file protein39.cif (mmCIF, N, CA and C atoms)
data_upload
#
loop_
_atom_site.label_atom_id
_atom_site.label_comp_id
_atom_site.auth_asym_id
_atom_site.auth_seq_id
_atom_site.Cartn_x
_atom_site.Cartn_y
_atom_site.Cartn_z
N MET A 13 10.28 -32.11 -40.01
CA MET A 13 9.73 -31.08 -39.15
C MET A 13 10.05 -29.68 -39.66
N GLU A 14 11.17 -29.48 -40.27
CA GLU A 14 11.57 -28.14 -40.75
C GLU A 14 10.57 -27.60 -41.76
N GLN A 15 10.03 -28.44 -42.62
CA GLN A 15 9.07 -27.99 -43.61
C GLN A 15 7.80 -27.44 -42.95
N VAL A 16 7.38 -28.02 -41.87
CA VAL A 16 6.18 -27.56 -41.18
C VAL A 16 6.40 -26.14 -40.65
N LYS A 17 7.57 -25.86 -40.08
CA LYS A 17 7.87 -24.52 -39.58
C LYS A 17 7.80 -23.50 -40.72
N ASN A 18 8.38 -23.82 -41.86
CA ASN A 18 8.34 -22.90 -42.99
C ASN A 18 6.93 -22.74 -43.55
N LEU A 19 6.15 -23.79 -43.50
CA LEU A 19 4.79 -23.73 -44.00
C LEU A 19 3.94 -22.78 -43.16
N MET A 20 4.06 -22.86 -41.87
CA MET A 20 3.23 -22.07 -40.97
C MET A 20 3.72 -20.64 -40.79
N SER A 21 4.96 -20.33 -41.11
CA SER A 21 5.51 -18.99 -40.88
C SER A 21 4.78 -17.92 -41.67
N LYS A 22 4.13 -18.29 -42.77
CA LYS A 22 3.43 -17.28 -43.57
C LYS A 22 2.24 -16.69 -42.82
N PHE A 23 1.81 -17.32 -41.73
CA PHE A 23 0.68 -16.80 -40.95
C PHE A 23 1.13 -15.91 -39.80
N ASN A 24 2.42 -15.64 -39.69
CA ASN A 24 2.95 -14.84 -38.60
C ASN A 24 3.12 -13.38 -38.94
N HIS A 25 2.48 -12.91 -40.00
CA HIS A 25 2.67 -11.53 -40.42
C HIS A 25 1.84 -10.59 -39.57
N GLY A 26 2.53 -9.66 -38.96
CA GLY A 26 1.90 -8.59 -38.19
C GLY A 26 2.50 -7.28 -38.65
N ASN A 27 2.40 -6.27 -37.86
CA ASN A 27 2.93 -4.97 -38.24
C ASN A 27 4.45 -4.92 -38.25
N ASN A 28 5.11 -5.96 -37.77
CA ASN A 28 6.57 -5.91 -37.69
C ASN A 28 7.23 -6.95 -38.59
N VAL A 29 6.62 -7.27 -39.71
CA VAL A 29 7.18 -8.23 -40.65
C VAL A 29 8.56 -7.79 -41.13
N PHE A 30 8.74 -6.47 -41.23
CA PHE A 30 9.99 -5.94 -41.79
C PHE A 30 10.97 -5.50 -40.71
N GLY A 31 10.66 -5.73 -39.44
CA GLY A 31 11.57 -5.40 -38.35
C GLY A 31 11.74 -3.91 -38.13
N ILE A 32 10.74 -3.11 -38.48
CA ILE A 32 10.80 -1.66 -38.33
C ILE A 32 9.74 -1.23 -37.32
N ASP A 33 10.17 -0.57 -36.25
CA ASP A 33 9.24 -0.07 -35.25
C ASP A 33 8.73 1.29 -35.71
N THR A 34 7.45 1.39 -36.01
CA THR A 34 6.88 2.61 -36.55
C THR A 34 6.24 3.51 -35.48
N LYS A 35 6.52 3.23 -34.23
CA LYS A 35 5.90 3.96 -33.12
C LYS A 35 6.13 5.48 -33.23
N ASP A 36 7.30 5.92 -33.61
CA ASP A 36 7.63 7.35 -33.67
C ASP A 36 7.57 7.92 -35.08
N TYR A 37 6.92 7.23 -35.98
CA TYR A 37 6.86 7.67 -37.38
C TYR A 37 5.81 8.75 -37.59
N ASP A 38 6.07 9.63 -38.56
CA ASP A 38 5.06 10.56 -39.04
C ASP A 38 4.31 9.85 -40.17
N PHE A 39 2.99 9.90 -40.11
CA PHE A 39 2.16 9.27 -41.13
C PHE A 39 1.56 10.37 -41.99
N GLU A 40 1.88 10.33 -43.28
CA GLU A 40 1.40 11.34 -44.21
C GLU A 40 0.26 10.79 -45.05
N LYS A 41 -0.69 11.65 -45.34
CA LYS A 41 -1.75 11.30 -46.27
C LYS A 41 -1.16 11.33 -47.68
N MET A 42 -1.73 10.56 -48.57
CA MET A 42 -1.25 10.53 -49.96
C MET A 42 -1.31 11.93 -50.57
N GLU A 43 -2.39 12.63 -50.33
CA GLU A 43 -2.55 13.96 -50.90
C GLU A 43 -1.44 14.90 -50.43
N ASP A 44 -1.12 14.85 -49.15
CA ASP A 44 -0.06 15.71 -48.61
C ASP A 44 1.30 15.33 -49.19
N ALA A 45 1.57 14.04 -49.29
CA ALA A 45 2.84 13.59 -49.87
C ALA A 45 2.94 14.02 -51.33
N TYR A 46 1.84 13.91 -52.06
CA TYR A 46 1.85 14.28 -53.48
C TYR A 46 2.04 15.79 -53.65
N ASN A 47 1.41 16.59 -52.80
CA ASN A 47 1.47 18.04 -52.94
C ASN A 47 2.71 18.67 -52.32
N ASP A 48 3.47 17.89 -51.55
CA ASP A 48 4.71 18.39 -50.96
C ASP A 48 5.75 18.53 -52.08
N ASP A 49 6.31 19.71 -52.23
CA ASP A 49 7.29 19.95 -53.29
C ASP A 49 8.46 18.98 -53.23
N HIS A 50 8.81 18.57 -52.02
CA HIS A 50 9.92 17.62 -51.85
C HIS A 50 9.61 16.28 -52.54
N PHE A 51 8.33 15.91 -52.58
CA PHE A 51 7.94 14.62 -53.12
C PHE A 51 7.32 14.69 -54.51
N ALA A 52 7.22 15.88 -55.10
CA ALA A 52 6.58 16.01 -56.42
C ALA A 52 7.25 15.07 -57.42
N ASP A 53 6.46 14.29 -58.11
CA ASP A 53 6.94 13.32 -59.10
C ASP A 53 8.05 12.43 -58.54
N HIS A 54 7.89 12.07 -57.31
CA HIS A 54 8.90 11.32 -56.57
C HIS A 54 8.63 9.82 -56.65
N THR A 55 9.67 9.04 -56.76
CA THR A 55 9.57 7.59 -56.61
C THR A 55 9.89 7.27 -55.16
N PHE A 56 8.92 6.71 -54.48
CA PHE A 56 9.09 6.33 -53.08
C PHE A 56 9.66 4.92 -53.02
N ASN A 57 10.73 4.73 -52.28
CA ASN A 57 11.21 3.38 -51.98
C ASN A 57 10.33 2.84 -50.87
N VAL A 58 10.00 1.57 -50.95
CA VAL A 58 9.18 0.93 -49.93
C VAL A 58 10.10 0.05 -49.08
N TYR A 59 10.18 0.38 -47.79
CA TYR A 59 11.00 -0.38 -46.85
C TYR A 59 10.17 -1.38 -46.05
N GLY A 60 8.86 -1.20 -46.12
CA GLY A 60 7.96 -2.10 -45.41
C GLY A 60 6.52 -1.71 -45.68
N LEU A 61 5.64 -2.65 -45.47
CA LEU A 61 4.20 -2.46 -45.62
C LEU A 61 3.49 -3.07 -44.42
N PHE A 62 2.37 -2.51 -44.07
CA PHE A 62 1.50 -3.16 -43.09
C PHE A 62 0.09 -2.64 -43.25
N ILE A 63 -0.85 -3.34 -42.62
CA ILE A 63 -2.25 -2.94 -42.63
C ILE A 63 -2.54 -2.30 -41.27
N ASN A 64 -2.97 -1.04 -41.29
CA ASN A 64 -3.34 -0.34 -40.07
C ASN A 64 -4.78 -0.71 -39.74
N LYS A 65 -4.94 -1.48 -38.71
CA LYS A 65 -6.27 -1.93 -38.31
C LYS A 65 -6.83 -1.10 -37.16
N GLY A 66 -6.02 -0.15 -36.66
CA GLY A 66 -6.43 0.61 -35.49
C GLY A 66 -6.86 2.03 -35.79
N GLY A 67 -7.09 2.38 -37.04
CA GLY A 67 -7.50 3.73 -37.39
C GLY A 67 -8.97 3.99 -37.11
N LYS A 68 -9.39 5.23 -37.37
CA LYS A 68 -10.79 5.63 -37.17
C LYS A 68 -11.71 4.93 -38.15
N TYR A 69 -11.20 4.65 -39.34
CA TYR A 69 -12.04 4.10 -40.40
C TYR A 69 -11.69 2.64 -40.62
N GLN A 70 -12.00 2.13 -41.77
CA GLN A 70 -11.72 0.73 -42.08
C GLN A 70 -10.21 0.50 -42.17
N PRO A 71 -9.77 -0.73 -42.02
CA PRO A 71 -8.34 -1.01 -42.17
C PRO A 71 -7.82 -0.52 -43.51
N HIS A 72 -6.61 0.01 -43.49
CA HIS A 72 -6.00 0.50 -44.73
C HIS A 72 -4.50 0.23 -44.69
N PRO A 73 -3.88 0.13 -45.87
CA PRO A 73 -2.46 -0.17 -45.94
C PRO A 73 -1.59 1.07 -45.69
N VAL A 74 -0.39 0.81 -45.23
CA VAL A 74 0.60 1.85 -44.97
C VAL A 74 1.92 1.39 -45.56
N ALA A 75 2.63 2.33 -46.20
CA ALA A 75 3.96 2.05 -46.75
C ALA A 75 4.99 2.83 -45.95
N ILE A 76 6.01 2.14 -45.48
CA ILE A 76 7.14 2.79 -44.82
C ILE A 76 8.07 3.24 -45.94
N VAL A 77 8.26 4.58 -46.05
CA VAL A 77 8.98 5.12 -47.21
C VAL A 77 10.30 5.81 -46.85
N ASP A 78 10.54 6.08 -45.57
CA ASP A 78 11.78 6.76 -45.18
C ASP A 78 12.11 6.34 -43.76
N THR A 79 13.11 5.49 -43.61
CA THR A 79 13.47 5.00 -42.28
C THR A 79 14.36 5.99 -41.54
N GLU A 80 15.08 6.83 -42.26
CA GLU A 80 15.96 7.81 -41.61
C GLU A 80 15.14 8.94 -40.97
N ASN A 81 14.18 9.48 -41.71
CA ASN A 81 13.34 10.56 -41.21
C ASN A 81 12.03 10.06 -40.62
N LYS A 82 11.85 8.75 -40.58
CA LYS A 82 10.69 8.10 -39.98
C LYS A 82 9.38 8.58 -40.59
N ILE A 83 9.19 8.29 -41.87
CA ILE A 83 7.98 8.70 -42.58
C ILE A 83 7.30 7.48 -43.18
N ALA A 84 6.00 7.42 -43.00
CA ALA A 84 5.16 6.40 -43.63
C ALA A 84 4.03 7.11 -44.34
N VAL A 85 3.54 6.50 -45.41
CA VAL A 85 2.45 7.09 -46.18
C VAL A 85 1.24 6.17 -46.08
N ASP A 86 0.11 6.77 -45.68
CA ASP A 86 -1.15 6.04 -45.66
C ASP A 86 -1.61 5.83 -47.10
N LEU A 87 -1.78 4.59 -47.48
CA LEU A 87 -2.23 4.26 -48.83
C LEU A 87 -3.75 4.18 -48.86
N PRO A 88 -4.34 4.30 -50.04
CA PRO A 88 -5.80 4.22 -50.14
C PRO A 88 -6.33 2.85 -49.68
N SER A 89 -7.50 2.88 -49.06
CA SER A 89 -8.06 1.64 -48.53
C SER A 89 -8.39 0.63 -49.65
N HIS A 90 -8.59 1.11 -50.89
CA HIS A 90 -8.88 0.15 -51.96
C HIS A 90 -7.66 -0.72 -52.30
N LEU A 91 -6.49 -0.39 -51.74
CA LEU A 91 -5.29 -1.20 -51.95
C LEU A 91 -5.06 -2.22 -50.83
N THR A 92 -5.98 -2.28 -49.87
CA THR A 92 -5.80 -3.17 -48.72
C THR A 92 -5.63 -4.62 -49.15
N ASP A 93 -6.48 -5.11 -50.04
CA ASP A 93 -6.37 -6.50 -50.49
C ASP A 93 -5.06 -6.76 -51.21
N ASP A 94 -4.63 -5.81 -52.06
CA ASP A 94 -3.36 -5.97 -52.78
C ASP A 94 -2.19 -6.05 -51.79
N VAL A 95 -2.17 -5.14 -50.82
CA VAL A 95 -1.08 -5.14 -49.85
C VAL A 95 -1.13 -6.40 -49.00
N GLN A 96 -2.32 -6.85 -48.64
CA GLN A 96 -2.41 -8.09 -47.87
C GLN A 96 -1.84 -9.27 -48.66
N GLN A 97 -2.11 -9.30 -49.96
CA GLN A 97 -1.54 -10.35 -50.81
C GLN A 97 -0.02 -10.27 -50.82
N MET A 98 0.52 -9.05 -50.84
CA MET A 98 1.98 -8.89 -50.78
C MET A 98 2.52 -9.42 -49.45
N LEU A 99 1.82 -9.10 -48.36
CA LEU A 99 2.25 -9.54 -47.04
C LEU A 99 2.11 -11.05 -46.84
N ASP A 100 1.29 -11.68 -47.64
CA ASP A 100 1.11 -13.13 -47.57
C ASP A 100 2.10 -13.89 -48.45
N ASN A 101 2.98 -13.17 -49.11
CA ASN A 101 3.90 -13.77 -50.06
C ASN A 101 5.34 -13.55 -49.59
N ASP A 102 6.00 -14.61 -49.14
CA ASP A 102 7.37 -14.50 -48.63
C ASP A 102 8.35 -13.97 -49.67
N GLU A 103 8.14 -14.31 -50.93
CA GLU A 103 9.03 -13.83 -51.99
C GLU A 103 8.92 -12.31 -52.14
N ILE A 104 7.72 -11.78 -52.07
CA ILE A 104 7.53 -10.33 -52.18
C ILE A 104 8.08 -9.63 -50.94
N ILE A 105 7.88 -10.20 -49.77
CA ILE A 105 8.45 -9.62 -48.56
C ILE A 105 9.96 -9.51 -48.69
N GLN A 106 10.60 -10.56 -49.17
CA GLN A 106 12.06 -10.52 -49.33
C GLN A 106 12.46 -9.51 -50.40
N TYR A 107 11.68 -9.40 -51.47
CA TYR A 107 11.91 -8.43 -52.55
C TYR A 107 11.89 -7.00 -51.99
N ILE A 108 10.93 -6.73 -51.12
CA ILE A 108 10.85 -5.41 -50.48
C ILE A 108 12.04 -5.22 -49.55
N LYS A 109 12.37 -6.21 -48.74
CA LYS A 109 13.51 -6.11 -47.83
C LYS A 109 14.81 -5.88 -48.59
N ASP A 110 14.91 -6.43 -49.80
CA ASP A 110 16.11 -6.27 -50.63
C ASP A 110 16.15 -4.92 -51.35
N GLY A 111 15.11 -4.09 -51.17
CA GLY A 111 15.11 -2.74 -51.73
C GLY A 111 14.64 -2.64 -53.16
N HIS A 112 13.82 -3.57 -53.62
CA HIS A 112 13.41 -3.57 -55.03
C HIS A 112 11.98 -3.09 -55.27
N CYS A 113 11.31 -2.58 -54.25
CA CYS A 113 9.92 -2.16 -54.40
C CYS A 113 9.80 -0.66 -54.20
N GLY A 114 8.99 -0.04 -55.04
CA GLY A 114 8.71 1.38 -54.90
C GLY A 114 7.36 1.71 -55.49
N PHE A 115 6.99 2.99 -55.43
CA PHE A 115 5.76 3.44 -56.05
C PHE A 115 5.83 4.93 -56.34
N LYS A 116 4.99 5.35 -57.26
CA LYS A 116 4.74 6.76 -57.53
C LYS A 116 3.27 7.02 -57.22
N ILE A 117 2.98 8.22 -56.77
CA ILE A 117 1.60 8.60 -56.48
C ILE A 117 0.97 9.10 -57.77
N GLU A 118 -0.21 8.57 -58.06
CA GLU A 118 -0.95 8.96 -59.26
C GLU A 118 -2.27 9.62 -58.87
N PRO A 119 -2.40 10.92 -59.14
CA PRO A 119 -3.68 11.57 -58.86
C PRO A 119 -4.69 11.27 -59.96
N TYR A 120 -5.95 11.26 -59.58
CA TYR A 120 -7.02 11.12 -60.57
C TYR A 120 -8.27 11.83 -60.04
N PHE A 121 -9.11 12.26 -60.96
CA PHE A 121 -10.33 12.98 -60.61
C PHE A 121 -11.52 12.04 -60.75
N SER A 122 -12.33 11.96 -59.71
CA SER A 122 -13.53 11.13 -59.75
C SER A 122 -14.71 11.99 -60.18
N LYS A 123 -15.32 11.62 -61.29
CA LYS A 123 -16.51 12.33 -61.75
C LYS A 123 -17.69 12.08 -60.81
N ASN A 124 -17.75 10.88 -60.25
CA ASN A 124 -18.84 10.55 -59.32
C ASN A 124 -18.77 11.38 -58.04
N TRP A 125 -17.58 11.52 -57.49
CA TRP A 125 -17.40 12.23 -56.22
C TRP A 125 -17.00 13.69 -56.43
N LYS A 126 -16.65 14.05 -57.67
CA LYS A 126 -16.26 15.40 -58.04
C LYS A 126 -15.12 15.93 -57.17
N LYS A 127 -14.09 15.10 -57.02
CA LYS A 127 -12.91 15.51 -56.28
C LYS A 127 -11.72 14.64 -56.67
N ASN A 128 -10.54 15.09 -56.28
CA ASN A 128 -9.32 14.36 -56.58
C ASN A 128 -9.10 13.23 -55.58
N PHE A 129 -8.59 12.14 -56.10
CA PHE A 129 -8.17 11.01 -55.29
C PHE A 129 -6.75 10.65 -55.71
N TYR A 130 -6.12 9.74 -54.96
CA TYR A 130 -4.74 9.38 -55.23
C TYR A 130 -4.59 7.87 -55.18
N GLY A 131 -3.89 7.34 -56.17
CA GLY A 131 -3.58 5.92 -56.23
C GLY A 131 -2.07 5.78 -56.32
N VAL A 132 -1.62 4.55 -56.52
CA VAL A 132 -0.18 4.33 -56.66
C VAL A 132 0.09 3.51 -57.91
N GLN A 133 1.25 3.74 -58.44
CA GLN A 133 1.79 2.89 -59.51
C GLN A 133 2.96 2.15 -58.86
N TRP A 134 2.81 0.84 -58.66
CA TRP A 134 3.89 0.04 -58.05
C TRP A 134 5.02 -0.08 -59.04
N LEU A 135 6.24 -0.02 -58.55
CA LEU A 135 7.43 -0.06 -59.40
C LEU A 135 8.44 -1.08 -58.90
N ASP A 136 9.11 -1.70 -59.85
CA ASP A 136 10.30 -2.51 -59.55
C ASP A 136 11.49 -1.57 -59.65
N ILE A 137 12.26 -1.48 -58.58
CA ILE A 137 13.44 -0.58 -58.60
C ILE A 137 14.71 -1.35 -58.30
#
call {"tool": "encode", "arguments": {"input": "protein39.cif", "output": "structure tokens"}}
result
Amino acid sequence: MEQVKNLMSKFNHGNNVFGIDTKDYDFEKMEDAYNDDHFADHTFNVYGLFINKGGKYQPHPVAIVDTENKIAVDLPSHLTDDVQQMLDNDEIIQYIKDGHCGFKIEPYFSKNWKKNFYGVQWLDI
């Protein structure tokens, strides 16, 4: 019976997989985090991830980056599938909980849209 419990637990992922209540968190846009002098060329530690399904637009991923100051960064929606794959993997969840996941913000210019966008470079820390 124990194996069945472990098998099904991977489907219990919600916004509180990491045990962090984000109710009082400040959510920063990637652009704002990148342009903030405090975060310039900064490696963000990831304390948790979740998919925000309640926003104005399509679901998008969020990274919890500062538990002391209660800051989360809204990640680009094109990373939603990647983050969902991370949330579906117990080994990666534990890796994040153990403090080994981070990212840097990478700006890029879209010729099609003629404006700057922001992506992430995932890091092992």
call {"tool": "resolve_selection", "arguments": {"input": "protein39.cif", "expression": "the PyMOL selection byres ((chain A and resi 37) around 6.5)", "output": "MDAnalysis selection string"}}
result
chainID A and resid 33:36 38:39 82:84
call {"tool": "residues_around", "arguments": {"input": "protein39.cif", "residues": "A:Asp93", "least_positions_apart": "4", "cutoff": "12 Å", "atoms": "only C-alpha atoms", "output": "MDAnalysis selection string"}}
result
chainID A and resid 62:63 71:73 87:89 97:100
call {"tool": "closest_residue", "arguments": {"input": "protein39.cif", "among": "A:Asn64, A:Asn47, A:Asn101, A:Gln133", "to": "A:Phe115", "atoms": "all atoms listed in the file"}}
result
A:Gln133
call {"tool": "select_by_dssp", "arguments": {"input": "protein39.cif", "residues": "chain A", "states": "alpha helix (DSSP H)", "output": "count of residues only"}}
result
29
call {"tool": "residues_around", "arguments": {"input": "protein39.cif", "residues": "A:Glu43", "least_positions_apart": "3", "cutoff": "10 Å", "atoms": "only C-alpha atoms", "output": "list in words"}}
result
Glu40, Tyr46, Asn47, Asp48, Val85, Asp86, Leu87, Ile117, Glu118, Pro119, Asn128, Phe129, Tyr130 and Gly131 of chain A
call {"tool": "closest_residue", "arguments": {"input": "protein39.cif", "among": "A:Cys113, A:Val29, A:Leu91, A:Ile104", "to": "A:Trp134", "atoms": "only N, CA and C atoms"}}
result
A:Cys113
call {"tool": "atom_distance", "arguments": {"input": "protein39.cif", "atom1": "atom CA of A:Ala75", "atom2": "atom C of A:Asn57"}}
result
7.6 Å
call {"tool": "atom_distance", "arguments": {"input": "protein39.cif", "atom1": "atom C of A:Trp125", "atom2": "atom CA of A:Gln70"}}
result
20.0 Å
call {"tool": "select_by_dssp", "arguments": {"input": "protein39.cif", "residues": "chain A", "states": "strand (DSSP E)", "output": "PyMOL selection string"}}
result
chain A and resi 38-41+56-57+60-64+72-78+83-86+113-122+127-136
call {"tool": "resolve_selection", "arguments": {"input": "protein39.cif", "expression": "the PyMOL selection byres ((chain A and resi 60) around 8)", "output": "list in words"}}
result
Val29, Phe30, Gly31, Ile32, Asn57, Val58, Tyr59, Leu61, Phe62, Val74, Ala75, Ile76, Val77, Asp78, Ile108 and Lys109 of chain A
call {"tool": "atom_distance", "arguments": {"input": "protein39.cif", "atom1": "atom CA of A:Lys116", "atom2": "atom CA of A:Val132"}}
result
5.6 Å
call {"tool": "closest_residue", "arguments": {"input": "protein39.cif", "among": "A:Tyr107, A:His112, A:Asp102, A:Asp53", "to": "A:Asp136", "atoms": "only N, CA and C atoms"}}
result
A:His112
